[in-house]
Structure formats: structure tokens, C-alpha cells
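Data block for upload.cif (mmCIF, C-alpha atoms):
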```
data_model
loop_
_atom_site.label_atom_id
_atom_site.label_comp_id
_atom_site.auth_asym_id
_atom_site.auth_seq_id
_atom_site.Cartn_x
_atom_site.Cartn_y
_atom_site.Cartn_z
CA MET T 1 0.00 0.00 0.00
CA SER T 2 1.27 3.40 -0.87
CA ALA T 3 -0.44 6.58 0.15
CA THR T 4 0.45 10.13 0.78
CA HIS T 5 -1.06 12.67 3.10
CA PRO T 6 -0.74 16.44 2.98
CA GLY T 7 2.82 17.39 3.83
CA PRO T 8 3.55 19.03 7.15
CA ASP T 9 3.35 22.77 7.20
CA PRO T 10 6.63 24.75 7.42
CA GLY T 11 6.26 25.27 11.16
CA SER T 12 5.67 21.63 11.99
CA ALA T 13 9.22 20.83 13.06
CA SER T 14 9.96 21.01 16.76
CA PRO T 15 12.56 23.62 17.73
CA GLU T 16 16.05 22.31 18.38
CA LEU T 17 17.05 22.17 22.04
CA PRO T 18 20.60 22.22 23.38
CA VAL T 19 21.98 18.76 24.11
CA GLY T 20 20.82 17.59 27.53
CA VAL T 21 18.13 20.24 28.04
CA GLY T 22 15.26 17.93 27.05
CA SER T 23 16.48 15.11 29.27
CA ARG T 24 16.92 17.39 32.27
CA ARG T 25 13.47 18.81 31.71
CA SER T 26 11.70 15.48 31.40
CA TRP T 27 13.35 13.14 33.91
CA LEU T 28 11.08 14.31 36.74
CA ARG T 29 8.04 13.83 34.51
CA ARG T 30 9.18 10.33 33.64
CA LEU T 31 9.78 9.54 37.30
CA TYR T 32 6.27 10.78 38.09
CA MET T 33 4.71 8.67 35.34
CA THR T 34 6.69 5.60 36.43
CA LEU T 35 5.36 5.98 39.95
CA ARG T 36 1.92 6.81 38.58
CA THR T 37 1.58 3.76 36.33
CA GLU T 38 3.48 0.95 38.07
CA HIS T 39 1.47 -2.02 39.37
CA ARG T 40 -2.01 -0.67 38.61
CA THR T 41 -4.06 -3.86 38.40
CA PRO T 42 -7.19 -3.94 40.64
CA GLY T 43 -5.58 -6.53 42.93
CA LYS T 44 -2.38 -4.51 43.28
CA MET T 45 -4.40 -1.32 43.85
CA GLY T 46 -6.44 -2.89 46.64
CA PHE T 47 -3.40 -4.48 48.28
CA GLY T 48 -1.46 -1.22 48.02
CA VAL T 49 -4.24 0.77 49.72
CA GLY T 50 -4.49 -1.85 52.45
CA VAL T 51 -0.75 -1.74 53.14
CA GLY T 52 -0.78 2.07 53.14
CA VAL T 53 -3.65 2.23 55.62
CA PHE T 54 -1.87 -0.31 57.86
CA VAL T 55 1.29 1.82 57.85
CA GLY T 56 -0.76 4.97 58.46
CA CYS T 57 -2.21 3.43 61.62
CA SER T 58 1.23 2.85 63.12
CA PRO T 59 2.55 5.37 65.67
CA LEU T 60 5.92 5.49 63.88
CA TRP T 61 5.38 9.06 62.71
CA GLY T 62 8.24 10.32 60.60
CA LEU T 63 9.00 6.81 59.34
CA HIS T 64 5.85 6.29 57.26
CA PHE T 65 7.49 7.33 53.99
CA PRO T 66 10.53 5.00 54.15
CA LEU T 67 8.29 2.19 55.42
CA CYS T 68 5.95 2.67 52.45
CA VAL T 69 8.80 2.71 49.93
CA LEU T 70 10.34 -0.41 51.50
CA LEU T 71 7.10 -2.41 51.68
CA ALA T 72 5.87 -1.31 48.25
CA THR T 73 9.19 -2.20 46.63
CA ARG T 74 9.39 -5.59 48.32
CA LEU T 75 5.74 -6.44 47.62
CA ARG T 76 5.78 -4.97 44.07
CA LEU T 77 3.08 -2.40 44.77
CA ASN T 78 2.55 1.14 43.52
CA ARG T 79 4.62 3.33 45.83
CA MET T 80 2.54 6.47 45.29
CA ILE T 81 -0.69 4.66 46.15
CA VAL T 82 0.80 3.02 49.24
CA TYR T 83 2.11 6.31 50.62
CA ALA T 84 -1.03 8.25 49.72
CA ALA T 85 -3.15 5.66 51.56
CA THR T 86 -1.28 6.37 54.81
CA TYR T 87 -3.13 9.69 54.97
CA ILE T 88 -6.51 7.97 55.19
CA PRO T 89 -6.00 7.19 58.91
CA GLY T 90 -2.89 9.30 59.50
CA ASN T 91 -4.10 12.83 58.80
CA LEU T 92 -4.37 15.77 61.19
CA LEU T 93 -8.08 15.22 61.81
CA THR T 94 -7.86 11.55 62.70
CA ALA T 95 -4.37 11.13 64.23
CA LEU T 96 -5.37 11.99 67.82
CA PRO T 97 -8.62 9.97 68.02
CA LEU T 98 -6.89 7.10 66.20
CA SER T 99 -4.07 7.02 68.78
CA PHE T 100 -6.62 7.05 71.60
CA ALA T 101 -8.53 4.16 70.00
CA GLU T 102 -5.29 2.18 69.61
CA LEU T 103 -4.36 2.77 73.23
CA GLN T 104 -7.75 1.58 74.41
CA LEU T 105 -7.76 -1.43 72.07
CA GLY T 106 -4.27 -2.51 73.16
CA HIS T 107 -5.19 -2.15 76.83
CA ARG T 108 -8.37 -4.15 76.27
CA ILE T 109 -6.44 -7.00 74.63
CA LEU T 110 -3.68 -7.12 77.26
CA HIS T 111 -5.68 -6.45 80.42
CA GLY T 112 -9.24 -7.40 79.55
CA GLY T 113 -10.73 -3.96 80.16
CA TRP T 114 -10.84 -0.40 78.88
CA LEU T 115 -8.34 2.08 80.26
CA PRO T 116 -9.83 4.68 82.65
CA ILE T 117 -8.55 8.10 81.60
CA THR T 118 -7.52 9.60 84.91
CA LEU T 119 -4.27 11.26 86.01
CA ALA T 120 -3.64 8.52 88.58
CA GLU T 121 -4.13 5.79 86.00
CA VAL T 122 -1.80 7.53 83.58
CA GLU T 123 0.93 7.77 86.19
CA THR T 124 0.42 4.15 87.24
CA LEU T 125 0.49 2.74 83.73
CA GLY T 126 3.94 4.07 82.83
CA PHE T 127 5.58 4.94 79.53
CA VAL T 128 6.50 1.38 78.47
CA ALA T 129 2.94 0.14 79.00
CA TRP T 130 1.57 3.08 77.05
CA VAL T 131 3.86 2.33 74.10
CA THR T 132 3.07 -1.40 74.26
CA ASN T 133 -0.70 -0.76 74.28
CA ILE T 134 -0.51 1.65 71.36
CA LEU T 135 1.74 -0.63 69.28
CA LEU T 136 -0.51 -3.63 69.81
CA GLY T 137 -3.64 -1.60 69.16
CA SER T 138 -2.16 -0.09 65.99
CA VAL T 139 -1.39 -3.55 64.59
CA VAL T 140 -4.91 -4.86 65.23
CA LEU T 141 -6.70 -1.71 64.12
CA GLY T 142 -4.36 -1.30 61.13
CA LEU T 143 -5.09 -4.83 59.92
CA ALA T 144 -8.84 -4.29 60.26
CA LEU T 145 -8.91 -0.89 58.56
CA GLY T 146 -6.41 -2.01 55.92
CA ALA T 147 -8.65 -4.93 55.00
CA VAL T 148 -11.74 -2.73 54.78
CA PHE T 149 -10.16 0.01 52.68
CA GLY T 150 -8.19 -2.49 50.58
CA VAL T 151 -11.31 -4.42 49.61
CA ALA T 152 -13.13 -1.14 48.88
CA ALA T 153 -10.26 0.05 46.63
CA TRP T 154 -10.23 -3.31 44.83
CA MET T 155 -13.98 -3.11 44.16
CA VAL T 156 -13.74 0.48 42.90
CA SER T 157 -10.83 -0.45 40.62
CA ARG T 158 -12.76 -3.33 39.14
CA ALA T 159 -15.82 -1.15 38.62
CA GLY T 160 -13.94 0.72 35.88
CA GLY T 161 -14.89 -2.13 33.55
CA HIS T 162 -11.66 -2.15 31.51
CA HIS T 163 -9.63 -5.31 31.10
CA GLU T 164 -6.09 -5.33 32.42
CA THR T 165 -4.79 -5.52 28.84
CA TYR T 166 -6.52 -2.23 28.01
CA HIS T 167 -4.91 -0.57 31.04
CA GLU T 168 -1.54 -1.69 29.65
CA ILE T 169 -2.44 -0.08 26.31
CA VAL T 170 -3.41 3.14 28.12
CA ASP T 171 -0.07 3.22 29.97
CA ALA T 172 1.80 2.70 26.68
CA VAL T 173 -0.05 5.65 25.14
CA VAL T 174 0.26 7.95 28.13
CA VAL T 175 4.03 7.58 28.36
CA LYS T 176 4.27 9.10 24.86
CA PHE T 177 2.94 12.38 26.27
CA VAL T 178 5.28 12.65 29.24
CA ASP T 179 7.79 14.82 27.41
CA ALA T 180 5.02 17.22 26.38
CA SER T 181 3.75 17.75 29.94
CA ILE T 182 2.24 15.88 32.86
CA ARG T 183 -0.96 17.76 32.15
CA ASP T 184 -1.15 16.32 28.63
CA ALA T 185 -0.23 12.86 29.89
CA GLU T 186 -2.94 12.89 32.55
CA ALA T 187 -5.48 14.32 30.10
CA ALA T 188 -4.65 11.49 27.68
CA ARG T 189 -5.11 8.92 30.44
CA SER T 190 -8.45 10.38 31.49
CA ARG T 191 -9.75 10.48 27.92
CA LEU T 192 -8.71 6.91 27.15
CA LEU T 193 -10.30 5.54 30.33
CA LYS T 194 -13.51 7.59 30.19
CA ASP T 195 -14.29 7.77 26.47
CA PRO T 196 -15.70 4.45 25.20
CA MET T 197 -14.83 5.36 21.60
CA TYR T 198 -11.22 4.20 21.96
CA PRO T 199 -11.98 0.64 23.14
CA PHE T 200 -14.64 0.54 20.42
CA LEU T 201 -12.19 1.51 17.67
CA ILE T 202 -9.67 -1.05 18.93
CA ALA T 203 -12.35 -3.76 18.94
CA GLU T 204 -13.39 -2.78 15.39
CA GLY T 205 -9.82 -3.41 14.20
CA VAL T 206 -9.62 -0.10 12.30
CA LEU T 207 -6.36 1.08 13.89
CA GLY T 208 -4.00 -1.55 12.50
CA SER T 209 -1.72 -1.62 9.47
CA GLU T 210 -2.85 -1.43 5.83
CA LEU T 211 -5.56 1.12 6.74
CA ARG T 212 -5.29 4.83 6.09
CA VAL T 213 -6.78 6.62 9.10
CA LEU T 214 -8.00 10.22 8.89
CA ASP T 215 -8.77 11.77 12.29
CA LEU T 216 -10.77 15.02 12.12
CA GLY T 217 -10.64 16.98 15.35
CA CYS T 218 -7.81 14.75 16.54
CA GLY T 219 -7.01 16.66 19.76
CA ARG T 220 -3.78 15.30 21.19
CA GLY T 221 -3.56 12.59 18.54
CA LEU T 222 -4.51 9.63 20.75
CA VAL T 223 -5.78 7.69 17.75
CA GLY T 224 -2.44 8.23 16.00
CA VAL T 225 -0.50 6.87 18.96
CA LEU T 226 -2.82 3.85 19.03
CA VAL T 227 -2.20 3.33 15.30
CA GLY T 228 1.53 3.28 16.05
CA LEU T 229 1.05 0.76 18.87
CA PHE T 230 -1.12 -1.61 16.84
CA THR T 231 1.08 -1.58 13.75
CA ALA T 232 4.26 -3.63 13.50
CA ALA T 233 7.43 -1.59 13.01
CA SER T 234 7.98 -2.97 9.51
CA ALA T 235 4.33 -2.79 8.43
CA PRO T 236 2.88 0.12 6.45
CA ARG T 237 0.80 2.63 8.38
CA TRP T 238 -0.83 5.96 7.58
CA TYR T 239 -2.40 8.43 9.97
CA PHE T 240 -3.28 12.06 9.45
CA GLY T 241 -4.84 14.17 12.19
CA VAL T 242 -6.38 17.63 11.97
CA ASP T 243 -7.26 20.02 14.77
CA ARG T 244 -7.73 23.76 15.24
CA CYS T 245 -6.03 23.95 18.66
CA ASP T 246 -2.31 24.71 18.32
CA ARG T 247 -1.52 23.45 21.83
CA TYR T 248 -3.16 20.08 21.16
CA VAL T 249 -1.36 19.78 17.84
CA ARG T 250 2.02 20.48 19.48
CA ALA T 251 1.37 17.74 22.06
CA ALA T 252 0.27 15.34 19.32
CA ARG T 253 3.39 15.99 17.24
CA GLN T 254 5.61 15.37 20.23
CA ALA T 255 3.82 12.11 21.04
CA LEU T 256 4.04 10.98 17.39
CA ASP T 257 7.59 12.18 16.87
CA GLU T 258 9.03 8.66 16.60
CA VAL T 259 6.06 7.12 14.77
CA PRO T 260 6.71 7.08 11.00
CA ASP T 261 4.01 7.97 8.48
CA CYS T 262 1.90 9.76 11.07
CA ALA T 263 1.31 13.51 10.87
CA VAL T 264 -0.85 16.17 12.52
CA GLN T 265 -1.65 19.64 11.25
CA THR T 266 -3.45 22.72 12.51
CA LEU T 267 -6.29 23.22 10.05
CA ASP T 268 -9.85 24.54 10.03
CA LEU T 269 -12.29 21.85 8.90
CA ARG T 270 -14.35 24.47 7.07
CA ASP T 271 -11.46 24.87 4.62
CA PHE T 272 -10.14 21.30 4.76
CA ASP T 273 -9.77 19.32 1.56
CA PRO T 274 -9.63 15.72 2.81
CA PRO T 275 -7.21 13.18 1.34
CA THR T 276 -8.12 9.62 0.44
CA ALA T 277 -8.50 7.38 3.49
CA ASP T 278 -9.94 4.01 4.48
CA VAL T 279 -11.18 5.07 7.93
CA VAL T 280 -12.40 8.50 9.02
CA ILE T 281 -13.00 9.35 12.68
CA ILE T 282 -15.07 12.40 13.63
CA ASN T 283 -15.49 12.18 17.39
CA ASP T 284 -17.50 15.01 19.02
CA VAL T 285 -16.38 17.53 16.38
CA LEU T 286 -19.14 18.28 13.87
CA ARG T 287 -21.11 20.38 16.37
CA PHE T 288 -18.35 23.01 16.26
CA LEU T 289 -19.19 23.72 12.61
CA PRO T 290 -22.27 25.55 11.31
CA PHE T 291 -24.85 23.28 9.68
CA ALA T 292 -23.88 24.36 6.15
CA ALA T 293 -20.20 23.69 6.90
CA GLN T 294 -21.08 20.24 8.32
CA ASP T 295 -22.90 19.28 5.13
CA ALA T 296 -20.13 20.68 2.95
CA LEU T 297 -17.49 18.66 4.84
CA VAL T 298 -19.56 15.49 4.45
CA ARG T 299 -19.82 16.07 0.69
CA ARG T 300 -16.07 16.66 0.37
CA LEU T 301 -15.40 13.46 2.29
CA ALA T 302 -17.75 11.55 0.00
CA ARG T 303 -15.78 12.77 -3.04
CA ALA T 304 -12.42 11.90 -1.46
CA LEU T 305 -13.18 8.46 0.00
CA PRO T 306 -13.08 5.26 -2.04
CA PRO T 307 -16.05 2.85 -2.08
CA GLY T 308 -16.17 0.82 1.11
CA ALA T 309 -14.35 3.42 3.23
CA ARG T 310 -15.81 3.65 6.75
CA MET T 311 -16.55 6.81 8.68
CA PHE T 312 -17.40 6.87 12.39
CA ILE T 313 -19.22 9.97 13.60
CA ARG T 314 -20.24 10.50 17.22
CA GLU T 315 -22.40 13.47 18.16
CA LEU T 316 -25.06 14.65 20.55
CA ASP T 317 -28.57 14.12 19.24
CA ALA T 318 -30.52 17.38 19.56
CA ALA T 319 -33.71 15.30 19.55
CA GLY T 320 -32.63 13.57 22.76
CA GLY T 321 -34.91 15.56 25.08
CA TRP T 322 -33.77 16.27 28.62
CA ARG T 323 -30.83 13.90 28.21
CA PHE T 324 -29.53 16.04 25.37
CA THR T 325 -30.07 19.21 27.42
CA TRP T 326 -28.09 17.84 30.34
CA ALA T 327 -25.28 16.52 28.11
CA ALA T 328 -25.09 19.89 26.31
CA ILE T 329 -24.80 21.71 29.65
CA VAL T 330 -21.97 19.38 30.71
CA ASP T 331 -20.26 19.92 27.36
CA ALA T 332 -20.59 23.72 27.64
CA SER T 333 -19.17 23.69 31.17
CA LYS T 334 -15.81 22.51 29.79
CA ILE T 335 -15.01 26.06 28.71
CA VAL T 336 -13.97 26.80 32.32
CA ILE T 337 -11.09 24.32 31.98
CA PRO T 338 -7.88 26.34 31.46
CA GLY T 339 -6.55 25.91 27.94
CA HIS T 340 -9.69 24.18 26.66
CA PRO T 341 -10.60 25.36 23.14
CA ARG T 342 -13.56 27.75 22.88
CA HIS T 343 -15.98 27.00 20.05
CA GLY T 344 -19.55 27.85 19.24
CA THR T 345 -21.81 24.79 19.08
CA HIS T 346 -24.36 23.83 16.43
CA PHE T 347 -26.22 20.73 17.57
CA ARG T 348 -28.48 18.92 15.13
CA ARG T 349 -30.84 16.00 15.25
CA ALA T 350 -29.36 12.59 14.50
CA GLY T 351 -32.01 12.05 11.81
CA ASP T 352 -30.86 15.16 9.95
CA LEU T 353 -27.25 14.01 10.12
CA ARG T 354 -28.21 10.58 8.77
CA ASN T 355 -30.07 12.19 5.88
CA ALA T 356 -27.07 14.39 5.04
CA LEU T 357 -24.78 11.35 4.98
CA ILE T 358 -27.15 9.32 2.83
CA ALA T 359 -27.61 12.19 0.39
CA ALA T 360 -23.81 12.55 0.10
CA GLY T 361 -23.37 8.90 -0.91
CA PHE T 362 -23.04 6.87 2.30
CA ASN T 363 -24.90 3.90 3.71
CA VAL T 364 -25.55 4.63 7.38
CA ARG T 365 -26.23 2.47 10.41
CA ASP T 366 -26.32 3.12 14.14
CA ARG T 367 -23.65 1.54 16.29
CA VAL T 368 -23.81 0.83 20.00
CA VAL T 369 -20.88 1.67 22.26
CA ALA T 370 -20.59 0.05 25.69
CA ARG T 371 -20.65 2.44 28.65
CA ALA T 372 -21.71 5.42 26.53
CA ALA T 373 -21.17 8.72 28.32
CA SER T 374 -24.86 9.62 27.83
CA PRO T 375 -27.87 8.17 25.99
CA ALA T 376 -28.00 11.51 24.16
CA PHE T 377 -24.93 10.55 22.13
CA VAL T 378 -25.34 8.73 18.84
CA LEU T 379 -22.61 6.87 16.96
CA LEU T 380 -23.11 6.49 13.22
CA GLU T 381 -21.09 4.29 10.90
CA ALA T 382 -21.20 5.64 7.34
CA VAL T 383 -19.84 3.42 4.54
CA ARG T 384 -19.09 5.01 1.17
CA ARG T 385 -21.33 3.57 -1.51
CA PRO T 386 -19.87 2.60 -4.89
CA SER T 387 -20.65 5.11 -7.62
CA GLY T 388 -24.03 4.47 -9.19
CA VAL T 389 -25.35 2.38 -6.29
CA GLY T 390 -28.60 3.65 -4.81
CA ARG T 391 -29.31 4.47 -1.19
CA ALA T 392 -29.51 1.66 1.37
#
```

Reformat the file's structure so that it appears as C-alpha cells.
Amino acid sequence: MSATHPGPDPGSASPELPVGVGSRRSWLRRLYMTLRTEHRTPGKMGFGVGVGVFVGCSPLWGLHFPLCVLLATRLRLNRMIVYAATYIPGNLLTALPLSFAELQLGHRILHGGWLPITLAEVETLGFVAWVTNILLGSVVLGLALGAVFGVAAWMVSRAGGHHETYHEIVDAVVVKFVDASIRDAEAARSRLLKDPMYPFLIAEGVLGSELRVLDLGCGRGLVGVLVGLFTAASAPRWYFGVDRCDRYVRAARQALDEVPDCAVQTLDLRDFDPPTADVVIINDVLRFLPFAAQDALVRRLARALPPGARMFIRELDAAGGWRFTWAAIVDASKIVIPGHPRHGTHFRRAGDLRNALIAAGFNVRDRVVARAASPAFVLLEAVRRPSGVGRA
């Protein structure tokens, strides 16, 4: 397969940095992402939280951090999660009542009764007995609380619904954005885990080799990175992404820097002349174009795509009633996010969009995506009809 996409614009090359500057700038980010992504299976997450809570219950204040690093390393757990979990019982609000509960629990176990809190009893008990009671109580209470919070963390982790293999794919994508910024890396992680379109596209098998993928409104180029992951190094690949946001395009180029035959450009879809492609992805993008511009883009795509080419379009259905209203409010609220692109929105009914696609030369069917963000979203698969073939 041989195909060409529009060449990169003159400003597409990344500026040259002095030798060593990039590595010095990114090693902390890479350390953060290593700690962020290591040992993230549901079982490891639950065990890590349980160990962290157990350590947080201990009265060895000042030693919690080295204890967490030691235990997490030996037990192959996520060190950030283990240390963060120590603050569940070991924060300023709970430290004093927790210590009192441990003292009472230890005294109850050793002496068969609760400790009367009087000055005489305190003087009689002595320092060694106090320490012994607290240590014993912290072990028992730490095991109990660790089990409770560990099981809860395990159940929450499993509730995400993604298979462990998909989490490994997410980690492999996210690490590509570390050199851009932690913000971009975390945004990529959040999008991959929350947006069901990406597991859907992987399951459809449209991100592998031998397919030319055109991504309109590509954002940070997550689809392009996935194309690179699912294509063997020696196999042909082709990905071209388009977005209006310069910051997103810069992050995408940095993530795709070492992926051959993948390019991203800053372009306005109203003026975009699409190249030939086998797969077109338009994910939550059409609503940022006026209705006339939406129809014009669909017609240009119909002229550019070969028969049998597939196009996946996800949009909010303006005929979705209160569900659409709520989803539109949530979508509009994203403008408060710093750096998020500002666009006017032009929502249309799914039926009107289907008619526009059919009139342009596509066969259209509805697709169902598991765990859809809202019932107001509709996903359409449009397949380019051969010339001269009537509507389906």
C-alpha cells in the first residue's frame, strides 16, 4: 500500500534544544509517570491501599514514607498509592482519636478492660505500657482498617470495567505524552479511560496496518499513537490528524515524533480538503461547525473516500430531550477548563445528520458503544457507496 497525506506545514518541526536540556526537563516527569503507572491492576491497587492504611495506623510518625517505599518495593506495589493511603487514617483530623482508640484497644487486649482516663491511671500505667498498648492496638486496628479500605479500593478499581490488557495499552499511550507535559499525559489517560470510543475503535480493528486513518478533530492525537502501537514496526501505516487547537497539535506531534508515516496539522475543517482514506474518525467535532459547513465537509469526504471506506461519527442528538439538554450543559461547562478550546456549538438531530450522509453517498447504520457517556450521544457508521449504487 502506498499513500500520501498532505505534507507538514513549514512550522511543523519542533525547535532544536541544546543537548541535555530535554532530558533534564523530562526526567522528573518520567519519574512521576513511572510511579503513577506501576502495578495498577485492581488486585495490586487494593493491596497497596491496604498496606498504606496499615502503615498509616502505626505510631511510627516520621517513618511512614521509608516504610511505604520499602514495603511497596518488596511487595511490588505502587509506591505512590501506598504512601497516599497512609493519609486515610494518618491525617491531622484523625491522628489523635486514632491514637486514643489504639491505646484503648491494646489495653483491652492485654488487660481485659478499657483504660480509665484519669491522672492517677496515667501515672500508674507508665511509659513502656503506654507504648506497648498503642503498638498492639495499631497492629490490630491497622489490619482491620487495611482490610476494609483495601477491599473497597479493589472493588472500585474493578468497577472501571476495563480489562487489564486495556490498562496496559493506556499506559503505553500515556508515556508518549510525558515529554510534552504531565498535564497532557494525565489528560490522555483520562480520555482513554472515560471515552468508550477508543476501546470501540480497537475492537473494530480499524487502527492496525494497511488502513489509512484520517482523524478530524484529533485533539492530542490519541488515535495516532494507538495506530503506532497496533502496527508492526515494519508494516505500512498511515495516519493524518487535523485540529484547530495549536496546543493540542504540538502535544500530538511530540507524542508521534518517533512514529513514522503519522502527521498532525493545525487546520480549520471548514477549509479542509480531505485526502483519500480508508477510515475517518469524527469524534465530538461536527457540532463546532455551522450546519452548512457540516454538510459541505460530508460532501467533500464523499468525493475523497473510495467505495467501502468507513466513517465513524459521534455526536449529541438534539432530539434527545432532557438527556440532550443535560449533556449539552456538561459539554458547555468545559469552557472553564484552562486551555480548553472555545468554540460555538451547532447541535443537530441525529435524523438530519443521517439524511445528510445518505444524500452525500453513504450507507448509514447506528452503532452501540458500551458504557456510553450519555444516551443523548449517537454513533453512526457511514460506509461510502460505490458510484451508481442507490441508497440503502

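Note that atom CA of T:Ile281 and atom CA of T:Pro307 are 16.4 Å apart.
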
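Comparing T:Ala277, T:Leu269, T:Ala255, T:Ala235 by their smallest distance to T:Ala185, the closest is T:Ala255 (using only C-alpha atoms).
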
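Between atom CA of T:Asp215 and atom CA of T:Ser333 lies a distance of 24.6 Å.
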
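When the PyMOL selection byres ((chain T and resi 364) around 6) is evaluated on the file shown here, the picked residues come out as Asn363, Arg365, Glu381 and Ala382 of chain T.
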
Near-T:Phe200 list (10 Å; all atoms listed in the file; drop same-chain fewer than 3 positions) as a PyMOL selection string: chain T and resi 195-197+203-206+367-370

Quick one: stretch 168-198 of chain T with N, CA and C atoms, as a PDB file, in the first residue's frame?
```pdb
ATOM      1  N   GLU T 168      -2.910  -1.667  30.151  1.00  0.00           N
ATOM      2  CA  GLU T 168      -1.536  -1.686  29.649  1.00  0.00           C
ATOM      3  C   GLU T 168      -1.421  -0.848  28.375  1.00  0.00           C
ATOM      4  N   ILE T 169      -2.440  -0.903  27.525  1.00  0.00           N
ATOM      5  CA  ILE T 169      -2.443  -0.075  26.314  1.00  0.00           C
ATOM      6  C   ILE T 169      -2.473   1.403  26.692  1.00  0.00           C
ATOM      7  N   VAL T 170      -3.306   1.745  27.670  1.00  0.00           N
ATOM      8  CA  VAL T 170      -3.406   3.139  28.121  1.00  0.00           C
ATOM      9  C   VAL T 170      -2.052   3.631  28.632  1.00  0.00           C
ATOM     10  N   ASP T 171      -1.383   2.824  29.440  1.00  0.00           N
ATOM     11  CA  ASP T 171      -0.070   3.222  29.969  1.00  0.00           C
ATOM     12  C   ASP T 171       0.929   3.441  28.824  1.00  0.00           C
ATOM     13  N   ALA T 172       0.870   2.566  27.810  1.00  0.00           N
ATOM     14  CA  ALA T 172       1.797   2.698  26.682  1.00  0.00           C
ATOM     15  C   ALA T 172       1.529   3.978  25.895  1.00  0.00           C
ATOM     16  N   VAL T 173       0.275   4.402  25.827  1.00  0.00           N
ATOM     17  CA  VAL T 173      -0.047   5.654  25.135  1.00  0.00           C
ATOM     18  C   VAL T 173       0.357   6.852  25.978  1.00  0.00           C
ATOM     19  N   VAL T 174       0.031   6.804  27.249  1.00  0.00           N
ATOM     20  CA  VAL T 174       0.263   7.947  28.133  1.00  0.00           C
ATOM     21  C   VAL T 174       1.739   8.307  28.202  1.00  0.00           C
ATOM     22  N   VAL T 175       2.604   7.306  28.224  1.00  0.00           N
ATOM     23  CA  VAL T 175       4.033   7.576  28.356  1.00  0.00           C
ATOM     24  C   VAL T 175       4.556   8.377  27.166  1.00  0.00           C
ATOM     25  N   LYS T 176       3.858   8.324  26.026  1.00  0.00           N
ATOM     26  CA  LYS T 176       4.270   9.103  24.859  1.00  0.00           C
ATOM     27  C   LYS T 176       4.093  10.605  25.078  1.00  0.00           C
ATOM     28  N   PHE T 177       3.236  10.969  26.033  1.00  0.00           N
ATOM     29  CA  PHE T 177       2.937  12.385  26.269  1.00  0.00           C
ATOM     30  C   PHE T 177       3.727  12.976  27.436  1.00  0.00           C
ATOM     31  N   VAL T 178       4.563  12.176  28.059  1.00  0.00           N
ATOM     32  CA  VAL T 178       5.278  12.651  29.241  1.00  0.00           C
ATOM     33  C   VAL T 178       6.186  13.819  28.896  1.00  0.00           C
ATOM     34  N   ASP T 179       6.880  13.748  27.776  1.00  0.00           N
ATOM     35  CA  ASP T 179       7.794  14.821  27.411  1.00  0.00           C
ATOM     36  C   ASP T 179       7.062  16.115  27.057  1.00  0.00           C
ATOM     37  N   ALA T 180       5.795  16.013  26.652  1.00  0.00           N
ATOM     38  CA  ALA T 180       5.016  17.223  26.383  1.00  0.00           C
ATOM     39  C   ALA T 180       4.698  17.922  27.700  1.00  0.00           C
ATOM     40  N   SER T 181       4.034  17.227  28.600  1.00  0.00           N
ATOM     41  CA  SER T 181       3.748  17.749  29.937  1.00  0.00           C
ATOM     42  C   SER T 181       2.976  16.698  30.706  1.00  0.00           C
ATOM     43  N   ILE T 182       3.048  16.775  32.023  1.00  0.00           N
ATOM     44  CA  ILE T 182       2.245  15.882  32.860  1.00  0.00           C
ATOM     45  C   ILE T 182       0.766  16.148  32.629  1.00  0.00           C
ATOM     46  N   ARG T 183       0.438  17.412  32.414  1.00  0.00           N
ATOM     47  CA  ARG T 183      -0.961  17.758  32.153  1.00  0.00           C
ATOM     48  C   ARG T 183      -1.489  17.025  30.927  1.00  0.00           C
ATOM     49  N   ASP T 184      -0.719  17.028  29.842  1.00  0.00           N
ATOM     50  CA  ASP T 184      -1.151  16.321  28.631  1.00  0.00           C
ATOM     51  C   ASP T 184      -1.206  14.818  28.867  1.00  0.00           C
ATOM     52  N   ALA T 185      -0.250  14.294  29.618  1.00  0.00           N
ATOM     53  CA  ALA T 185      -0.233  12.862  29.891  1.00  0.00           C
ATOM     54  C   ALA T 185      -1.452  12.447  30.704  1.00  0.00           C
ATOM     55  N   GLU T 186      -1.793  13.227  31.725  1.00  0.00           N
ATOM     56  CA  GLU T 186      -2.945  12.893  32.552  1.00  0.00           C
ATOM     57  C   GLU T 186      -4.246  13.095  31.786  1.00  0.00           C
ATOM     58  N   ALA T 187      -4.293  14.119  30.924  1.00  0.00           N
ATOM     59  CA  ALA T 187      -5.482  14.324  30.097  1.00  0.00           C
ATOM     60  C   ALA T 187      -5.678  13.154  29.132  1.00  0.00           C
ATOM     61  N   ALA T 188      -4.572  12.652  28.575  1.00  0.00           N
ATOM     62  CA  ALA T 188      -4.654  11.493  27.681  1.00  0.00           C
ATOM     63  C   ALA T 188      -5.158  10.268  28.434  1.00  0.00           C
ATOM     64  N   ARG T 189      -4.660  10.050  29.637  1.00  0.00           N
ATOM     65  CA  ARG T 189      -5.110   8.918  30.445  1.00  0.00           C
ATOM     66  C   ARG T 189      -6.603   9.029  30.729  1.00  0.00           C
ATOM     67  N   SER T 190      -7.044  10.199  31.152  1.00  0.00           N
ATOM     68  CA  SER T 190      -8.448  10.385  31.490  1.00  0.00           C
ATOM     69  C   SER T 190      -9.345  10.134  30.278  1.00  0.00           C
ATOM     70  N   ARG T 191      -8.937  10.647  29.123  1.00  0.00           N
ATOM     71  CA  ARG T 191      -9.753  10.478  27.915  1.00  0.00           C
ATOM     72  C   ARG T 191      -9.832   9.012  27.503  1.00  0.00           C
ATOM     73  N   LEU T 192      -8.720   8.308  27.558  1.00  0.00           N
ATOM     74  CA  LEU T 192      -8.706   6.906  27.152  1.00  0.00           C
ATOM     75  C   LEU T 192      -9.546   6.035  28.073  1.00  0.00           C
ATOM     76  N   LEU T 193      -9.567   6.356  29.369  1.00  0.00           N
ATOM     77  CA  LEU T 193     -10.303   5.545  30.328  1.00  0.00           C
ATOM     78  C   LEU T 193     -11.786   5.899  30.370  1.00  0.00           C
ATOM     79  N   LYS T 194     -12.124   7.163  30.059  1.00  0.00           N
ATOM     80  CA  LYS T 194     -13.512   7.592  30.192  1.00  0.00           C
ATOM     81  C   LYS T 194     -14.291   7.561  28.880  1.00  0.00           C
ATOM     82  N   ASP T 195     -13.598   7.705  27.762  1.00  0.00           N
ATOM     83  CA  ASP T 195     -14.287   7.773  26.471  1.00  0.00           C
ATOM     84  C   ASP T 195     -14.368   6.373  25.867  1.00  0.00           C
ATOM     85  N   PRO T 196     -15.567   5.816  25.720  1.00  0.00           N
ATOM     86  CA  PRO T 196     -15.697   4.448  25.195  1.00  0.00           C
ATOM     87  C   PRO T 196     -15.374   4.322  23.718  1.00  0.00           C
ATOM     88  N   MET T 197     -15.142   5.445  23.023  1.00  0.00           N
ATOM     89  CA  MET T 197     -14.827   5.359  21.598  1.00  0.00           C
ATOM     90  C   MET T 197     -13.517   4.626  21.339  1.00  0.00           C
ATOM     91  N   TYR T 198     -12.530   4.796  22.216  1.00  0.00           N
ATOM     92  CA  TYR T 198     -11.216   4.204  21.959  1.00  0.00           C
ATOM     93  C   TYR T 198     -11.245   2.683  22.083  1.00  0.00           C
TER      94      TYR T 198
END
```
